[in-house]
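Asks: upload32.cif (mmCIF, C-alpha atoms) pasted underneath:
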```
data_run
loop_
_atom_site.label_atom_id
_atom_site.label_comp_id
_atom_site.auth_asym_id
_atom_site.auth_seq_id
_atom_site.Cartn_x
_atom_site.Cartn_y
_atom_site.Cartn_z
CA MET A 12 20.50 -8.68 2.63
CA ASN A 13 19.55 -5.28 1.22
CA PHE A 14 16.58 -4.19 3.28
CA LEU A 15 15.71 -1.47 0.80
CA THR A 16 14.92 -3.95 -1.97
CA VAL A 17 14.11 -7.25 -0.30
CA SER A 18 11.17 -8.21 1.95
CA VAL A 19 11.95 -8.62 5.63
CA TYR A 20 10.19 -11.34 7.60
CA ASN A 21 12.14 -11.73 10.86
CA SER A 22 10.31 -9.67 13.52
CA HIS A 23 13.49 -8.86 15.43
CA ILE A 24 15.18 -7.55 12.30
CA VAL A 25 12.03 -5.63 11.34
CA SER A 26 12.00 -3.86 14.72
CA LYS A 27 15.68 -2.98 14.42
CA ILE A 28 15.23 -1.53 10.95
CA TYR A 29 12.14 0.42 12.00
CA ARG A 30 14.08 1.86 14.94
CA GLN A 31 16.81 3.01 12.55
CA ALA A 32 14.15 4.56 10.33
CA ALA A 33 12.48 6.33 13.26
CA ASP A 34 15.83 7.73 14.43
CA HIS A 35 16.73 8.89 10.93
CA LEU A 36 13.39 10.63 10.32
CA THR A 37 13.35 12.19 13.80
CA THR A 38 16.81 13.64 13.22
CA HIS A 39 16.06 15.07 9.79
CA ASP A 40 12.41 16.11 9.90
CA PRO A 41 11.18 18.27 12.81
CA VAL A 42 7.58 17.93 11.60
CA LEU A 43 7.61 14.14 11.77
CA ALA A 44 9.61 13.99 15.02
CA PRO A 45 6.65 14.52 17.43
CA ILE A 46 4.50 12.13 15.39
CA ILE A 47 7.15 9.45 15.68
CA ALA A 48 7.44 10.10 19.41
CA ARG A 49 3.68 9.69 19.74
CA PHE A 50 3.18 6.52 17.70
CA GLY A 51 6.48 4.71 18.20
CA LEU A 52 7.81 2.19 15.73
CA ALA A 53 5.93 1.38 12.55
CA THR A 54 3.76 -1.73 12.60
CA ILE A 55 3.97 -2.68 8.92
CA ARG A 56 4.53 -6.43 8.63
CA PRO A 57 5.64 -7.79 5.24
CA HIS A 58 3.81 -10.89 4.09
CA ARG A 59 3.50 -13.19 1.12
CA ASN A 60 -0.25 -12.93 0.55
CA TYR A 61 0.40 -11.20 -2.75
CA TYR A 62 -2.94 -11.91 -4.37
CA GLN A 63 -4.90 -10.79 -1.31
CA GLU A 64 -2.90 -7.57 -1.08
CA LEU A 65 -3.62 -6.69 -4.69
CA VAL A 66 -7.33 -7.41 -4.33
CA ASP A 67 -7.43 -5.27 -1.18
CA SER A 68 -5.68 -2.46 -3.01
CA ILE A 69 -8.05 -2.63 -5.98
CA ILE A 70 -11.02 -2.50 -3.62
CA GLY A 71 -9.50 0.45 -1.77
CA GLN A 72 -8.68 2.58 -4.81
CA GLN A 73 -9.96 6.16 -4.34
CA LEU A 74 -11.81 5.26 -1.14
CA SER A 75 -11.35 6.17 2.50
CA VAL A 76 -10.00 3.44 4.75
CA LYS A 77 -13.42 3.10 6.42
CA ALA A 78 -15.31 2.78 3.14
CA ALA A 79 -12.79 0.29 1.77
CA HIS A 80 -13.08 -1.83 4.93
CA THR A 81 -16.87 -1.93 4.63
CA ILE A 82 -16.80 -3.00 0.99
CA ARG A 83 -14.13 -5.58 1.71
CA GLU A 84 -16.37 -7.16 4.37
CA ARG A 85 -19.31 -7.22 1.97
CA PHE A 86 -17.08 -8.70 -0.73
CA CYS A 87 -15.97 -11.54 1.55
CA ALA A 88 -19.58 -12.10 2.65
CA LEU A 89 -20.52 -12.86 -0.96
CA PHE A 90 -18.43 -16.01 -0.55
CA ASP A 91 -19.47 -16.73 3.04
CA SER A 92 -15.90 -16.06 4.07
CA SER A 93 -14.26 -13.94 6.76
CA GLY A 94 -11.17 -13.59 4.56
CA LEU A 95 -10.65 -12.95 0.90
CA PRO A 96 -11.84 -15.81 -1.32
CA SER A 97 -9.57 -17.85 -3.56
CA VAL A 98 -9.02 -16.85 -7.16
CA GLU A 99 -11.07 -19.85 -8.23
CA ALA A 100 -13.97 -18.75 -6.05
CA ILE A 101 -13.90 -15.23 -7.47
CA LEU A 102 -14.24 -16.62 -10.97
CA THR A 103 -17.52 -18.30 -9.98
CA LYS A 104 -19.08 -14.83 -9.66
CA ASN A 105 -19.82 -12.57 -12.59
CA VAL A 106 -19.29 -8.81 -12.56
CA ASP A 107 -22.87 -8.02 -11.56
CA GLU A 108 -22.68 -10.42 -8.61
CA LEU A 109 -19.42 -8.83 -7.43
CA ARG A 110 -21.01 -5.38 -7.69
CA MET A 111 -23.51 -6.43 -5.02
CA ALA A 112 -20.69 -5.89 -2.50
CA GLY A 113 -20.46 -2.23 -3.51
CA LEU A 114 -17.70 -2.54 -6.07
CA SER A 115 -17.89 -0.35 -9.13
CA ARG A 116 -18.23 -2.14 -12.43
CA ASN A 117 -14.60 -1.33 -13.22
CA LYS A 118 -13.30 -2.68 -9.91
CA ALA A 119 -15.37 -5.85 -10.23
CA THR A 120 -13.91 -6.33 -13.70
CA TYR A 121 -10.39 -5.71 -12.44
CA VAL A 122 -10.73 -8.23 -9.60
CA ARG A 123 -11.98 -10.92 -11.98
CA ASP A 124 -9.30 -10.05 -14.52
CA LEU A 125 -6.57 -10.41 -11.90
CA ALA A 126 -7.99 -13.76 -10.76
CA GLN A 127 -8.12 -15.01 -14.34
CA HIS A 128 -4.51 -13.95 -14.98
CA ILE A 129 -3.38 -15.85 -11.89
CA VAL A 130 -5.32 -18.99 -12.85
CA ASP A 131 -3.93 -18.79 -16.40
CA GLY A 132 -0.40 -18.38 -15.08
CA THR A 133 0.14 -15.05 -16.85
CA VAL A 134 0.59 -13.35 -13.46
CA THR A 135 2.99 -15.00 -11.03
CA PHE A 136 4.60 -13.80 -7.82
CA ASP A 137 7.54 -16.11 -7.22
CA HIS A 138 10.11 -13.73 -8.70
CA LEU A 139 9.05 -10.37 -7.23
CA GLU A 140 11.34 -10.33 -4.21
CA ASN A 141 14.42 -10.20 -6.44
CA MET A 142 13.17 -7.29 -8.51
CA SER A 143 13.69 -3.57 -7.98
CA ASN A 144 10.80 -1.29 -7.02
CA ASP A 145 10.65 0.19 -10.52
CA GLU A 146 10.66 -3.27 -12.13
CA ILE A 147 7.78 -4.40 -9.90
CA ILE A 148 5.78 -1.26 -10.62
CA LYS A 149 6.25 -1.80 -14.34
CA GLU A 150 5.17 -5.44 -14.15
CA LEU A 151 2.15 -4.87 -11.91
CA THR A 152 0.82 -1.88 -13.81
CA ALA A 153 0.74 -4.00 -16.95
CA VAL A 154 -2.27 -5.77 -15.36
CA LYS A 155 -5.60 -4.10 -16.05
CA GLY A 156 -6.82 -2.14 -13.03
CA ILE A 157 -3.48 -1.97 -11.25
CA GLY A 158 -2.05 1.52 -11.35
CA GLU A 159 0.89 3.18 -9.69
CA TRP A 160 -0.99 3.77 -6.40
CA THR A 161 -1.86 0.07 -6.11
CA ALA A 162 1.73 -0.87 -6.91
CA HIS A 163 3.00 1.50 -4.23
CA MET A 164 0.66 0.01 -1.61
CA PHE A 165 1.81 -3.47 -2.63
CA LEU A 166 5.47 -2.53 -2.30
CA ILE A 167 4.99 -0.95 1.13
CA PHE A 168 2.52 -3.24 2.86
CA CYS A 169 3.18 -6.59 1.22
CA LEU A 170 6.83 -6.64 0.19
CA GLY A 171 7.87 -4.33 3.02
CA ARG A 172 9.98 -2.10 0.82
CA LEU A 173 11.31 0.76 2.94
CA ASP A 174 11.92 3.44 0.36
CA VAL A 175 8.67 3.96 -1.54
CA LEU A 176 7.12 7.42 -1.77
CA ALA A 177 3.35 7.11 -2.22
CA HIS A 178 3.25 10.55 -3.82
CA GLY A 179 -0.11 10.05 -5.50
CA ASP A 180 -1.98 8.92 -2.38
CA LEU A 181 -4.65 11.41 -1.33
CA GLY A 182 -4.04 10.67 2.36
CA ILE A 183 -0.35 11.47 2.00
CA ARG A 184 -1.06 14.67 0.11
CA SER A 185 -3.72 15.74 2.61
CA GLY A 186 -1.44 14.87 5.51
CA ILE A 187 1.42 16.89 4.08
CA GLN A 188 -0.88 19.85 3.50
CA LYS A 189 -1.94 19.77 7.15
CA LEU A 190 1.35 18.88 8.82
CA TYR A 191 3.54 21.17 6.75
CA GLN A 192 0.96 23.99 6.86
CA LEU A 193 0.48 24.39 3.13
CA ASP A 194 -2.38 26.48 1.78
CA HIS A 195 -3.06 23.96 -0.97
CA LEU A 196 -3.12 20.24 -1.64
CA PRO A 197 0.37 19.39 -2.90
CA ALA A 198 0.82 17.71 -6.26
CA SER A 199 3.00 14.65 -6.63
CA GLN A 200 6.07 16.68 -7.56
CA GLU A 201 5.71 18.85 -4.46
CA VAL A 202 5.40 15.74 -2.30
CA ALA A 203 8.67 14.54 -3.80
CA SER A 204 10.27 17.92 -3.10
CA ILE A 205 9.21 17.87 0.57
CA CYS A 206 10.55 14.32 0.81
CA GLN A 207 13.90 15.48 -0.53
CA GLN A 208 14.06 18.61 1.64
CA ASN A 209 13.45 16.58 4.79
CA HIS A 210 15.77 13.70 3.87
CA TRP A 211 13.20 10.89 4.07
CA HIS A 212 15.38 8.65 1.88
CA PRO A 213 16.08 5.77 2.47
CA TYR A 214 12.93 5.44 4.59
CA GLU A 215 10.27 7.07 2.44
CA SER A 216 7.76 4.28 3.14
CA LEU A 217 8.06 4.85 6.87
CA ALA A 218 7.64 8.61 6.48
CA CYS A 219 4.41 7.89 4.59
CA TRP A 220 3.28 5.55 7.36
CA TYR A 221 3.75 8.23 10.01
CA ILE A 222 1.81 10.75 7.93
CA TRP A 223 -1.06 8.26 7.62
CA ARG A 224 -0.92 7.67 11.37
CA ALA A 225 -1.01 11.40 12.06
CA LEU A 226 -4.32 11.51 10.20
CA ASP A 227 -5.54 8.36 11.97
CA ASN A 228 -6.01 6.91 8.52
CA THR A 229 -3.41 4.19 8.29
CA PRO A 230 -4.25 1.75 5.44
CA VAL A 231 -3.23 -1.36 7.39
#
```
Could I get this file's structure written as structure tokens?
Replies:
Amino acid sequence: MNFLTVSVYNSHIVSKIYRQAADHLTTHDPVLAPIIARFGLATIRPHRNYYQELVDSIIGQQLSVKAAHTIRERFCALFDSSGLPSVEAILTKNVDELRMAGLSRNKATYVRDLAQHIVDGTVTFDHLENMSNDEIIKELTAVKGIGEWTAHMFLIFCLGRLDVLAHGDLGIRSGIQKLYQLDHLPASQEVASICQQNHWHPYESLACWYIWRALDNTPV
């Protein structure tokens, strides 16, 4: 099994891989080393709740973790549910009703559009685990409202892909600015350059996770 392209579900194997990642990053990046020592192994757990992960990511676009969590709770409350509602349930609400949870009109539209695509069978998930990261990004971003950031979050936190650089994430950029003592917020290309200089490959996802943890802003 290629752990860089296939989801990992066995907890023992996950821990072993995360230990390898921690050792690799500690050896190559002196900035991340004390953060890794502080927080230990990553706690990302791949799962198959693909639809829920995408809805969560749409809700969380351009929001802080705290704000996204609040809106998610309000969203679930619209359906008298502690967890995310089914796609069928979402389609019983119109855009204005979904906006009552605090969603923007665009996000409410995107959530309904995703649900409709799933019900229609134009979006399916049974083939994703055999696809490359770039293939998945291309397929997901073809759906209205799903951009590269959402696809990156899906790859990292749902499929458990180990080598995804969330270069457009504001938390990652802010974390790099602080940790690497930059006098500016780095652009995506500079994030990629820092990644290369510090040899994050093949564990770019885990490097991102530690940066989020350093800011106490982990999106999990």
Asks: Using the chain letters and numbering of this document, enumerate as a list in words the residues selected by the PyMOL selection byres ((chain A and resi 22) around 12).
Replies: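 Evaluating the PyMOL selection byres ((chain A and resi 22) around 12) on these coordinates yields Ser18, Val19, Tyr20, Asn21, His23, Ile24, Val25, Ser26, Lys27, Ile28, Tyr29, Ala53, Thr54, Ile55, Arg56, Pro57 and His58 of chain A.
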Asks: Calculated over all atoms listed in the file, which of the candidates A:Leu173, A:Ala162, A:Ala78, A:Val122 has the smallest distance to Gln31 (chain A)?
Replies: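 Smallest separation from Gln31 (chain A) among the options: A:Leu173.
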Asks: Using the chain letters and numbers from the file, give me the residues hit by the PyMOL selection byres ((chain A and resi 82) around 12), as a ChimeraX atom specification.
Replies: /A:66-72,74-81,83-89,95,109-115,118-119
Asks: For the residues selected in the previous step, produce a file with C-alpha atoms as a PDB file, keeping the file's coordinate frame.
Replies:
```
ATOM      1  CA  VAL A  66      -7.330  -7.410  -4.330  1.00  0.00           C
ATOM      2  CA  ASP A  67      -7.430  -5.270  -1.180  1.00  0.00           C
ATOM      3  CA  SER A  68      -5.680  -2.460  -3.010  1.00  0.00           C
ATOM      4  CA  ILE A  69      -8.050  -2.630  -5.980  1.00  0.00           C
ATOM      5  CA  ILE A  70     -11.020  -2.500  -3.620  1.00  0.00           C
ATOM      6  CA  GLY A  71      -9.500   0.450  -1.770  1.00  0.00           C
ATOM      7  CA  GLN A  72      -8.680   2.580  -4.810  1.00  0.00           C
ATOM      8  CA  LEU A  74     -11.810   5.260  -1.140  1.00  0.00           C
ATOM      9  CA  SER A  75     -11.350   6.170   2.500  1.00  0.00           C
ATOM     10  CA  VAL A  76     -10.000   3.440   4.750  1.00  0.00           C
ATOM     11  CA  LYS A  77     -13.420   3.100   6.420  1.00  0.00           C
ATOM     12  CA  ALA A  78     -15.310   2.780   3.140  1.00  0.00           C
ATOM     13  CA  ALA A  79     -12.790   0.290   1.770  1.00  0.00           C
ATOM     14  CA  HIS A  80     -13.080  -1.830   4.930  1.00  0.00           C
ATOM     15  CA  THR A  81     -16.870  -1.930   4.630  1.00  0.00           C
ATOM     16  CA  ARG A  83     -14.130  -5.580   1.710  1.00  0.00           C
ATOM     17  CA  GLU A  84     -16.370  -7.160   4.370  1.00  0.00           C
ATOM     18  CA  ARG A  85     -19.310  -7.220   1.970  1.00  0.00           C
ATOM     19  CA  PHE A  86     -17.080  -8.700  -0.730  1.00  0.00           C
ATOM     20  CA  CYS A  87     -15.970 -11.540   1.550  1.00  0.00           C
ATOM     21  CA  ALA A  88     -19.580 -12.100   2.650  1.00  0.00           C
ATOM     22  CA  LEU A  89     -20.520 -12.860  -0.960  1.00  0.00           C
ATOM     23  CA  LEU A  95     -10.650 -12.950   0.900  1.00  0.00           C
ATOM     24  CA  LEU A 109     -19.420  -8.830  -7.430  1.00  0.00           C
ATOM     25  CA  ARG A 110     -21.010  -5.380  -7.690  1.00  0.00           C
ATOM     26  CA  MET A 111     -23.510  -6.430  -5.020  1.00  0.00           C
ATOM     27  CA  ALA A 112     -20.690  -5.890  -2.500  1.00  0.00           C
ATOM     28  CA  GLY A 113     -20.460  -2.230  -3.510  1.00  0.00           C
ATOM     29  CA  LEU A 114     -17.700  -2.540  -6.070  1.00  0.00           C
ATOM     30  CA  SER A 115     -17.890  -0.350  -9.130  1.00  0.00           C
ATOM     31  CA  LYS A 118     -13.300  -2.680  -9.910  1.00  0.00           C
ATOM     32  CA  ALA A 119     -15.370  -5.850 -10.230  1.00  0.00           C
TER      33      ALA A 119
END
```
Asks: Just checking: using all atoms listed in the file, which residue out of A:Thr37, A:Thr133, A:Thr161, A:Ser93 ends up closest to Leu65 (chain A)?
Replies: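 The closest residue to Leu65 (chain A) is A:Thr161.
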Asks: To verify the selection step, state as a PyMOL selection string which residues the PyMOL selection byres ((chain A and resi 99) around 10) yields on this input.
Replies: chain A and resi 96-98+100-104+123+126-127+129-130
Asks: With C-alpha atoms kept, could you save the residues just selected as a short mmCIF file (atom, residue, chain, number, x, y, z; two decimals), keeping the file's coordinate frame?
Replies:
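The resulting out-v8.cif:
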```
data_model
loop_
_atom_site.label_atom_id
_atom_site.label_comp_id
_atom_site.auth_asym_id
_atom_site.auth_seq_id
_atom_site.Cartn_x
_atom_site.Cartn_y
_atom_site.Cartn_z
CA PRO A 96 -11.84 -15.81 -1.32
CA SER A 97 -9.57 -17.85 -3.56
CA VAL A 98 -9.02 -16.85 -7.16
CA ALA A 100 -13.97 -18.75 -6.05
CA ILE A 101 -13.90 -15.23 -7.47
CA LEU A 102 -14.24 -16.62 -10.97
CA THR A 103 -17.52 -18.30 -9.98
CA LYS A 104 -19.08 -14.83 -9.66
CA ARG A 123 -11.98 -10.92 -11.98
CA ALA A 126 -7.99 -13.76 -10.76
CA GLN A 127 -8.12 -15.01 -14.34
CA ILE A 129 -3.38 -15.85 -11.89
CA VAL A 130 -5.32 -18.99 -12.85
#
```
Asks: Could you jot down the CA of Leu166 (chain A) to CA of Pro41 (chain A) separation for me, Å, one decimal place?
Replies: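 Separation of CA of Leu166 (chain A) and CA of Pro41 (chain A): 26.3 Å.
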Asks: Extract, using all atoms listed in the file, all DNA, RNA and protein residues at most 6 Å from region 177-183 of chain A, discarding same-chain residues fewer than 2 positions from it, and format them as a PDB file with C-alpha atoms, keeping the file's coordinate frame.
Replies:
```pdb
ATOM      1  CA  HIS A 163       3.000   1.500  -4.230  1.00  0.00           C
ATOM      2  CA  SER A 185      -3.720  15.740   2.610  1.00  0.00           C
ATOM      3  CA  GLY A 186      -1.440  14.870   5.510  1.00  0.00           C
ATOM      4  CA  SER A 199       3.000  14.650  -6.630  1.00  0.00           C
ATOM      5  CA  VAL A 202       5.400  15.740  -2.300  1.00  0.00           C
TER       6      VAL A 202
END
```
Asks: Can you pull out the residues contacting Cys219 (chain A)? Cut-off 10 Å, using all atoms listed in the file, and skip same-chain residues under 4 positions away; I want them as JSON, numbers by chain.
Replies: {"A": [167, 174, 175, 176, 177, 178, 180, 182, 183, 184, 186, 187, 206, 211, 214, 215, 223, 224, 225, 229]}
Asks: What gap, in Å, lies between CA of Asp137 (chain A) and CA of Leu151 (chain A)?
Replies: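 The value is 13.3 Å.
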Asks: Expressed in Å to a single decimal, how great is the separation between CA of Leu36 (chain A) and CA of Glu159 (chain A)?
Replies: 24.7 Å
Asks: Identify which of the residues A:Glu150, A:Arg49, A:His138, A:His39 lies closest to Gln207 (chain A), counting only C-alpha atoms when measuring atom-to-atom distances.
Replies: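 Distance minimum relative to Gln207 (chain A) lands on A:His39.
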Asks: I'd like the box whose edges run along x, y and z of the file and which contains every listed atom of region 173-192 of chain A, padded by 8 Å per side; could you state its centre and edge lengths in Å, one decimal, as AutoDock Vina command-line options?
Replies:
```
--center_x 3.6 --center_y 12.4 --center_z 1.7 --size_x 32.6 --size_y 39.2 --size_z 30.3
```
